[in-house]
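To start, the structure under review is shown below, and the notes come after it.
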Amino acid sequence: MLTITTTPRAPKETIKEGYIPAVYYGAHAKSTPIFIDAKQFSKVFSTEGVSNAITLVTEHGTENALIQEVQRHPVKSMPVHVDFYIIEKGQKVHVKVPIIFVGESPAVKAGSVLAKVLHEVSIEGDPTKVPHDFTVDISSLVTNDDVITIGDIKLPVGVELYHVTPEDVVASVSLAVEETDAPVEVDLSAIEVEKKGKKEDEVVPAE
């Protein structure tokens, strides 16, 4: 697990050059304000994301934690506050792990359309066993009858599916819908008759 070293922070203190204000808490850990190094956090977050456990070094010792929430600046998009959730020993976590699609589908290469049905997998288990992402190779989609299901994804030991089933489809292919530029036929004779009928029914004002 990657490590983030924290610095104590006064409850109302929000600014420290090169640092991001943060807080950590848990089921048996009170909410504690801290500062974290901005560069160190950026490196850890880009590697582990919100699904993987990290080691949080505090003035009271080390804790296993998850990045619970990252608040960003509305314009600059840089992190302005981070929440960490402390994981108790033996506690399972429920997270959503992103799916990364790789490879080339022979069916798509032949003209079919790829449908990415799911973009993440909901799992539960030991936080130290949770992967950063799941890689799905779409090269197994050879015909339009082929599908990739969650059951085709290999889960690490200590991790299980959460509120999804092995039969749930991750990706599939189907025939492309052909567009047509054929002109729409209009019955001009019907329009002409209608116009003539209107003229015959017109009332001429009396002189």
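Residue numbering restarts at 1 for every chain of the structure tokens, chains are lettered A, B, ... in their displayed order, and ligands are numbered from 1 as they appear.
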Tell me, which residues of stretch 6-56 of chain A carry DSSP strand (DSSP E or B), written as a list in words?
->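 The residues of stretch 6-56 of chain A classed as strand (DSSP E or B) are Thr6, Thr7, Pro8, Tyr19, Ile20, Pro21, Ala22, Val23, Tyr24, Tyr25, Gly26, Ala29, Lys30, Ser31, Thr32, Pro33, Ile34, Phe35, Ile36, Asp37, Ile54, Thr55 and Leu56 of chain A.
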For A:Gly49, work out the shell of residues within 10 Å, counting only C-alpha atoms and skipping chain neighbours fewer than 2 positions away, then give it as a list in words.
->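 Near neighbours after the sequence-gap exclusion: Ser42, Lys43, Val44, Phe45, Ser46, Thr47, Ser51, Asn52, Ala53, Ile54, Leu66, Ile67, Gln68, Val97, Pro98, His132 and Asp133 of chain A.
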Please, could you write that set of residues out with C-alpha atoms as a PDB file, in the first residue's frame?
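Writing the result to result-v4.pdb gives the following:
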ATOM      1  CA  SER A  42      -1.697  13.656  -6.295  1.00  0.00           C
ATOM      2  CA  LYS A  43       0.735  10.768  -6.875  1.00  0.00           C
ATOM      3  CA  VAL A  44      -1.119   8.381  -4.538  1.00  0.00           C
ATOM      4  CA  PHE A  45      -4.574   9.301  -5.844  1.00  0.00           C
ATOM      5  CA  SER A  46      -3.581   8.833  -9.494  1.00  0.00           C
ATOM      6  CA  THR A  47      -2.212   5.373  -8.624  1.00  0.00           C
ATOM      7  CA  SER A  51     -11.052   1.901  -4.342  1.00  0.00           C
ATOM      8  CA  ASN A  52      -7.696   0.949  -2.851  1.00  0.00           C
ATOM      9  CA  ALA A  53      -6.524   1.119   0.747  1.00  0.00           C
ATOM     10  CA  ILE A  54      -3.586   3.355   1.630  1.00  0.00           C
ATOM     11  CA  LEU A  66      -9.692   4.743   1.957  1.00  0.00           C
ATOM     12  CA  ILE A  67      -9.940   8.044   0.127  1.00  0.00           C
ATOM     13  CA  GLN A  68     -13.613   8.678   0.872  1.00  0.00           C
ATOM     14  CA  VAL A  97     -13.775  -0.709  -9.369  1.00  0.00           C
ATOM     15  CA  PRO A  98     -13.500   0.707 -12.914  1.00  0.00           C
ATOM     16  CA  HIS A 132      -7.099  -0.687  -8.882  1.00  0.00           C
ATOM     17  CA  ASP A 133      -9.121  -1.723 -11.945  1.00  0.00           C
TER      18      ASP A 133
END
Check the DSSP output for the backbone and give back, as JSON, numbers by chain, the residues of chain A in helix (DSSP H, G or I).
-> {"A": [38, 39, 40, 41, 42, 43, 44, 45, 46, 47, 48, 106, 107, 108, 109, 138, 139, 140, 150, 151, 152, 188, 189, 190, 191, 192, 193, 194, 195, 196, 197, 198, 199, 200]}
Give me the residues within 10 Å of A:Val102 as a PyMOL selection string, counting only C-alpha atoms and dropping any in the same chain fewer than 2 places off.
-> chain A and resi 99-100+104-105+135-139
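Nearest to A:Thr58 of all the residues A:Ile148, A:Val82, A:Val93, A:Ile4 is A:Ile4, based on only C-alpha atoms.
Among A:Glu63, A:Asp168, A:Asp126, A:Asp145, the residue with the shortest atom-to-atom distance to A:Gly90, counting only C-alpha atoms, is A:Asp126.
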